[in-house]
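*Asks:* Take a look at the following structure, please.
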Amino acid sequence: MKTLSISKSMQICMAAILFVITVLYTNKAQAQTTTAEEHTIERTVKGIISGTDGPLKDVNVFLKGTITGTTTNGKGEFTFPTPLNTGDVLTFSYLGYTTKNVKIKKDTTFIALSLTEEYVEFVGAPNSNQPYKSKQQKSLEE
Amino acid sequence: MTTKILFYLSLFVFVCSIQAQQSDFATIDFTKADSLAKAYKNEQLTNIPELTKKLTSGLTTDVEKFRAVYKWICTNIANDYGLYEQNMHKRNKFKNDSSKLKQWNRKFSAISFKKLSKHQRAICTGYAYLLQQFSLEIGIPCNIVHGYARTSTTFIDKDSSPNHSWNAVWLNNQWYLCDPTWASGVPDPKTGTFSFYYNNGFFMAEPQLMAINHFPVDTQWLLLKENPPTFTNFLEAPILYGNTFEYLSNYNTPAKMHYEIEKNDSIVYQFTLKKQVNSKDIRLFIDGGNGPKEVTPEHISIHNNTVTLTHSFNKKSFYDVHLYIEDHIISTHTIKVHK
């Protein structure tokens with residue numbers, strides 16, 4: 001009787017363990033499915049790009065490492081031509097501004113980005129084909 | 001043992017003396033790259049990633065891809081003489097006012113980028129910046145080299161601030177020097193107009209020749225490990241012209257711009273040709289005050305592409321001496337002849 005009661009409680013215990021394992025496993029499986037789904041959910045990404053003086057026209061928007069892309073319109077807006085996945089990276093470039101990369105997060109559908117002007121100290125001595133003339137020779141001519 | 005050391009030593013010296021220059025890629029045919037640059041002439045700068053892809057499509061080597069974008073820049077970006085003058089004027093004006101100079105430089109940076117993207121016009125740094133941007137797109141390391149440049153009309157001394165920018169590009173595990181601005185053509189200072197004239201001599205220019213009229217702020221960009229010239233050497237060097245880079249691979253002597261000699265002393269020129277030239281096409285024009293007059297050099301010899309030319313001066317005077325090859329000016333020196 002005592003043996004029986006032990007074995008019965010053991011059975012209950014094992015069943016409980018089995019249940020817990022099953023629940024845990026199912027949960028894990030579900031969690032995995034969710035993550036996988038998140039990766040495969042494609043969505044249209046839109047956005048607006050601005051510079052120092054407001055919206056920037058003609059900013060190049062590219063899916064990094066590909067030739068897929070678009071440019072911003074007169075209002076600085078863009079709609080990316082292909083659906084994007086979480087983890088994709090968009091590159092925003094515009095001559096005279098520092099290029100920026102934006103990673104698509106699981107909830108990204110709209111990107112508002114401001115690009116920073118690149119500061120370059122411009123100098124430049126043009127070349128010349130004009131034969132050199134010494135000051136001495138110049139003064140002789142005058 | 002000594003022989004062995006000597007052997008390795010000579011090998012070391014030999015390796016060090018090899019300069020990074022265009023002839024390293026003598027087996028590469030740039031026809032395809034050049035024709036791509038030509039095919040996309042008149043494209044706008046609004047979409048550099050796309051333009052780069054167009055310019056390099058079908059090209060397999062890095063050097064060809066680089067060539068295509070370089071050639072495109074040199075044949076599509078005009079030198080803006082007005083912009084250069086405006087900048088020089090302001091930079092001189094604010095020379096001793098660092099905050100105003102900084103303010104101007106910021107303003108000019110924005111002006112320059114607008115000119116570049118909207119009108120495809122630039123001054124040196126614009127060319128160098130653009131070449132760096134295109135190179136980034138194709139994954140080729142390319143630096144902007146800031147420094148000093150000497151021409152027949154731009155004079156600098158030890159107190160001058162840097163006045164030019166060019167590039168160093170990393171190809172086949174080596175740095176090479178390019179000057180896209182000077183390769184694009186020459187502006188007319190009188191009219192301010194610019195005519196495109198592609199000069200191939202500035203594509204992977206020979207570092208030794210380059211150092212005669214380009215001196216980088218950071219001297220590692222001289223790319224000369226053995227006996228690099230000093231800034232003083234550079235300031236004292238003769239005037240070389242754009243054509244020099246098309247005809248010569250080196251210019252050894254005279255190493256200085258100004259000489260004072262005694263009557264009947266001679267001046268010895270020694271330089272290396274990179275293309276076949278007839279000795280009668282190597283000419284001297286001497287200006288003693290009444291305009292340049294052609295003289296026949298006393299002695300001239302070409303041996304293994306090395307030209308040695310000697311000429312003596314038998315009259316006391318002050319001369320501007322110009323060396324020409326065919327109809328192109330190569331160098332200028334001044335010679336003061338004493339009694």
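Every chain in the structure tokens takes a letter, A first, then B, and so on in the order presented; its residues are numbered from 1, and the ligands are numbered from 1 following the presented order.
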Check every residue of chain B for an atom within 6 Å of chain A, counting only C-alpha atoms, and provide those that qualify as a PyMOL selection string.
*Replies:* chain B and resi 105+109+113+123-125+152+163-164+182+186+289
*Asks:* Only C-alpha atoms, please: the residues just picked out, written as a compact mmCIF listing (two decimals), in the first residue's frame.
*Replies:*
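Written out: selection19.txt:
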# COMPACT_ATOMS: atom_id res chain seq x y z
CA ASN B 105 35.59 77.95 -44.87
CA SER B 109 32.25 74.25 -48.15
CA PHE B 113 29.23 71.25 -52.75
CA ILE B 123 38.23 73.55 -57.41
CA CYS B 124 40.87 70.98 -56.48
CA THR B 125 39.44 69.66 -53.23
CA SER B 152 54.17 79.13 -63.24
CA ASN B 163 46.77 75.49 -51.67
CA HIS B 164 46.02 72.20 -53.39
CA TRP B 182 45.33 68.98 -63.15
CA VAL B 186 43.76 74.21 -67.68
CA GLY B 289 64.43 90.35 -71.51
*Asks:* Quick one: DSSP helix (DSSP H, G or I) residues in region 117-314 of chain B, as a ChimeraX atom specification?
*Replies:* /B:117-119,124-138,180-184,200-202,207-213,219-222,231-236,242-247,279-281
*Asks:* Can you write just those residues out, N, CA and C atoms, as a compact mmCIF listing (two decimals), in the first residue's frame?
*Replies:*
# COMPACT_ATOMS: atom_id res chain seq x y z
N SER B 117 27.46 69.64 -57.20
CA SER B 117 26.32 68.78 -57.52
C SER B 117 25.40 69.40 -58.57
N LYS B 118 25.25 70.73 -58.54
CA LYS B 118 24.31 71.35 -59.48
C LYS B 118 24.96 71.71 -60.83
N HIS B 119 26.23 72.14 -60.79
CA HIS B 119 26.85 72.63 -62.03
C HIS B 119 28.06 71.84 -62.47
N CYS B 124 40.15 72.22 -56.75
CA CYS B 124 40.87 70.98 -56.48
C CYS B 124 40.26 70.03 -55.45
N THR B 125 39.94 70.55 -54.27
CA THR B 125 39.44 69.66 -53.23
C THR B 125 38.13 68.98 -53.65
N GLY B 126 37.35 69.68 -54.47
CA GLY B 126 36.10 69.11 -54.97
C GLY B 126 36.37 67.88 -55.82
N TYR B 127 37.36 67.96 -56.69
CA TYR B 127 37.76 66.82 -57.53
C TYR B 127 38.21 65.67 -56.64
N ALA B 128 39.10 66.00 -55.68
CA ALA B 128 39.67 64.97 -54.82
C ALA B 128 38.60 64.31 -53.96
N TYR B 129 37.64 65.13 -53.49
CA TYR B 129 36.55 64.61 -52.66
C TYR B 129 35.68 63.66 -53.48
N LEU B 130 35.38 64.09 -54.70
CA LEU B 130 34.53 63.29 -55.57
C LEU B 130 35.19 61.94 -55.90
N LEU B 131 36.49 61.99 -56.19
CA LEU B 131 37.21 60.76 -56.51
C LEU B 131 37.17 59.81 -55.31
N GLN B 132 37.26 60.38 -54.11
CA GLN B 132 37.19 59.56 -52.91
C GLN B 132 35.80 58.94 -52.75
N GLN B 133 34.75 59.72 -53.04
CA GLN B 133 33.39 59.20 -52.93
C GLN B 133 33.13 58.06 -53.91
N PHE B 134 33.54 58.26 -55.15
CA PHE B 134 33.37 57.21 -56.17
C PHE B 134 34.15 55.95 -55.77
N SER B 135 35.38 56.16 -55.27
CA SER B 135 36.22 55.02 -54.90
C SER B 135 35.59 54.24 -53.75
N LEU B 136 34.99 54.97 -52.81
CA LEU B 136 34.29 54.34 -51.68
C LEU B 136 33.19 53.41 -52.21
N GLU B 137 32.48 53.89 -53.23
CA GLU B 137 31.39 53.09 -53.81
C GLU B 137 31.89 51.77 -54.39
N ILE B 138 33.11 51.80 -54.96
CA ILE B 138 33.62 50.55 -55.54
C ILE B 138 34.52 49.81 -54.56
N PRO B 180 43.41 64.56 -60.13
CA PRO B 180 42.30 64.70 -61.09
C PRO B 180 42.08 66.13 -61.55
N THR B 181 42.40 67.13 -60.72
CA THR B 181 42.19 68.52 -61.13
C THR B 181 43.10 68.87 -62.30
N TRP B 182 44.37 68.62 -62.11
CA TRP B 182 45.33 68.98 -63.15
C TRP B 182 45.20 68.09 -64.38
N ALA B 183 44.57 66.93 -64.20
CA ALA B 183 44.38 66.02 -65.34
C ALA B 183 43.21 66.45 -66.20
N SER B 184 42.35 67.35 -65.65
CA SER B 184 41.12 67.68 -66.38
C SER B 184 41.30 68.77 -67.43
N ASN B 200 46.94 62.52 -69.27
CA ASN B 200 47.10 61.19 -68.67
C ASN B 200 48.30 61.10 -67.73
N GLY B 201 49.15 62.11 -67.75
CA GLY B 201 50.35 62.10 -66.92
C GLY B 201 50.07 62.14 -65.42
N PHE B 202 48.85 62.57 -65.05
CA PHE B 202 48.53 62.66 -63.62
C PHE B 202 47.78 61.44 -63.11
N PRO B 207 55.99 59.25 -58.36
CA PRO B 207 56.14 60.02 -57.13
C PRO B 207 57.31 61.02 -57.15
N GLN B 208 58.42 60.63 -57.78
CA GLN B 208 59.58 61.52 -57.79
C GLN B 208 59.32 62.79 -58.59
N LEU B 209 58.64 62.61 -59.72
CA LEU B 209 58.30 63.75 -60.56
C LEU B 209 57.23 64.60 -59.86
N MET B 210 56.27 63.92 -59.29
CA MET B 210 55.16 64.58 -58.59
C MET B 210 55.69 65.47 -57.47
N ALA B 211 56.71 64.99 -56.74
CA ALA B 211 57.25 65.73 -55.58
C ALA B 211 57.87 67.06 -55.99
N ILE B 212 58.17 67.23 -57.27
CA ILE B 212 58.77 68.50 -57.71
C ILE B 212 57.76 69.64 -57.63
N ASN B 213 56.48 69.35 -57.94
CA ASN B 213 55.51 70.45 -57.80
C ASN B 213 54.29 70.14 -56.93
N THR B 219 53.99 64.16 -45.03
CA THR B 219 55.00 63.75 -46.03
C THR B 219 54.98 62.26 -46.37
N GLN B 220 54.19 61.46 -45.63
CA GLN B 220 54.12 60.04 -46.03
C GLN B 220 53.52 59.92 -47.44
N TRP B 221 52.73 60.94 -47.83
CA TRP B 221 52.09 60.89 -49.15
C TRP B 221 53.01 61.31 -50.29
N LEU B 222 54.28 61.56 -49.96
CA LEU B 222 55.25 61.73 -51.05
C LEU B 222 55.45 60.37 -51.70
N PHE B 231 60.70 70.30 -47.63
CA PHE B 231 59.86 71.40 -48.10
C PHE B 231 60.73 72.47 -48.77
N THR B 232 61.94 72.67 -48.23
CA THR B 232 62.87 73.64 -48.83
C THR B 232 63.26 73.20 -50.23
N ASN B 233 63.56 71.91 -50.40
CA ASN B 233 63.88 71.39 -51.74
C ASN B 233 62.75 71.71 -52.71
N PHE B 234 61.52 71.49 -52.21
CA PHE B 234 60.33 71.71 -53.03
C PHE B 234 60.19 73.18 -53.42
N LEU B 235 60.43 74.08 -52.44
CA LEU B 235 60.31 75.52 -52.72
C LEU B 235 61.37 76.00 -53.71
N GLU B 236 62.51 75.30 -53.71
CA GLU B 236 63.60 75.70 -54.60
C GLU B 236 63.56 75.01 -55.96
N GLY B 242 52.12 70.91 -66.92
CA GLY B 242 51.28 69.72 -67.09
C GLY B 242 51.86 68.73 -68.09
N ASN B 243 52.37 69.28 -69.21
CA ASN B 243 52.92 68.42 -70.27
C ASN B 243 54.10 67.59 -69.79
N THR B 244 54.82 68.11 -68.81
CA THR B 244 55.98 67.41 -68.28
C THR B 244 55.59 65.99 -67.87
N PHE B 245 54.40 65.87 -67.29
CA PHE B 245 53.95 64.56 -66.79
C PHE B 245 53.55 63.61 -67.91
N GLU B 246 53.27 64.16 -69.09
CA GLU B 246 52.96 63.31 -70.23
C GLU B 246 54.24 62.80 -70.89
N TYR B 247 55.27 63.63 -70.88
CA TYR B 247 56.50 63.28 -71.59
C TYR B 247 57.55 62.60 -70.72
N SER B 279 65.53 63.73 -80.82
CA SER B 279 66.38 64.71 -80.11
C SER B 279 66.22 66.13 -80.66
N LYS B 280 65.89 66.25 -81.95
CA LYS B 280 65.72 67.61 -82.49
C LYS B 280 64.44 68.30 -81.99
N ASP B 281 63.55 67.49 -81.38
CA ASP B 281 62.33 68.07 -80.82
C ASP B 281 62.50 68.53 -79.38
*Asks:* Can you list, as number ranges by chain, all residues belonging to region 75-287 of chain B that DSSP tags as strand (DSSP E or B)?
*Replies:* B: 78-79, 121-122, 142-149, 164-171, 174-178, 185-187, 194-196, 205, 214-216, 239-240, 248-253, 258-262, 266-273, 282-287
*Asks:* Quick one: everything within 9 Å of Phe110 (chain A), counting only C-alpha atoms, minus sequence neighbours fewer than 6 positions away in the same chain. Send it as a PyMOL selection string.
*Replies:* chain A and resi 44-48
*Asks:* Export, as a short mmCIF file (atom, residue, chain, number, x, y, z; two decimals), in the first residue's frame, the selected residues with C-alpha atoms.
*Replies:*
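The result, written out as selection.cif:
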data_model
loop_
_atom_site.label_atom_id
_atom_site.label_comp_id
_atom_site.auth_asym_id
_atom_site.auth_seq_id
_atom_site.Cartn_x
_atom_site.Cartn_y
_atom_site.Cartn_z
CA THR A 44 6.77 49.02 -47.35
CA VAL A 45 9.07 51.59 -45.83
CA LYS A 46 8.51 55.29 -46.36
CA GLY A 47 10.35 58.26 -44.97
CA ILE A 48 11.40 61.87 -45.08
#
*Asks:* Measuring atom to atom with only C-alpha atoms, identify which of B:Tyr324, B:Lys95, B:Thr310, B:Tyr84 is nearest to Thr154 (chain B).
*Replies:*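 Smallest distance to Thr154 (chain B) is found for B:Tyr84.
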*Asks:* Could you list, as a compact mmCIF listing (two decimals) with C-alpha atoms, in the first residue's frame, every residue within 10 Å of Pro55 (chain A), counting only C-alpha atoms and ignoring same-chain residues fewer than 5 positions away?
*Replies:*
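Generated output (result.txt):
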# COMPACT_ATOMS: atom_id res chain seq x y z
CA ILE A 48 11.40 61.87 -45.08
CA ILE A 49 14.96 63.17 -45.26
CA SER A 50 16.07 66.62 -44.31
CA THR A 72 13.70 61.56 -52.42
CA ASN A 73 11.19 63.91 -54.06
CA GLY A 74 10.93 67.70 -53.76
CA LYS A 75 9.45 67.34 -50.26
CA GLY A 76 12.32 65.07 -49.16
CA GLU A 77 9.98 62.06 -49.15
CA LEU A 113 16.24 61.22 -40.91
CA SER A 114 18.33 64.33 -40.92
CA LEU A 115 21.65 64.30 -42.76
*Asks:* With the cut-off set at 7 Å and counting only C-alpha atoms, tabulate each residue of region 11-51 of chain B with an atom at most that distance from an atom of region 61-69 of chain B, showing the nearest atom pair and its distance in Å to one decimal, ordered by chain and increasing number, as CSV.
*Replies:*
residue,atom,partner,partner_atom,distance
B:Phe30,CA,B:Glu64,CA,6.4
B:Ala33,CA,B:Ala68,CA,4.5
B:Asp34,CA,B:Ala68,CA,5.8
B:Leu36,CA,B:Ala68,CA,6.5
B:Ala37,CA,B:Ala68,CA,5.4
*Asks:* Please compute the CA of Gln19 (chain B)-CA of Asn173 (chain B) distance, one decimal, in Å.
*Replies:*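 Rounded to one decimal, the two atoms are 12.8 Å apart.
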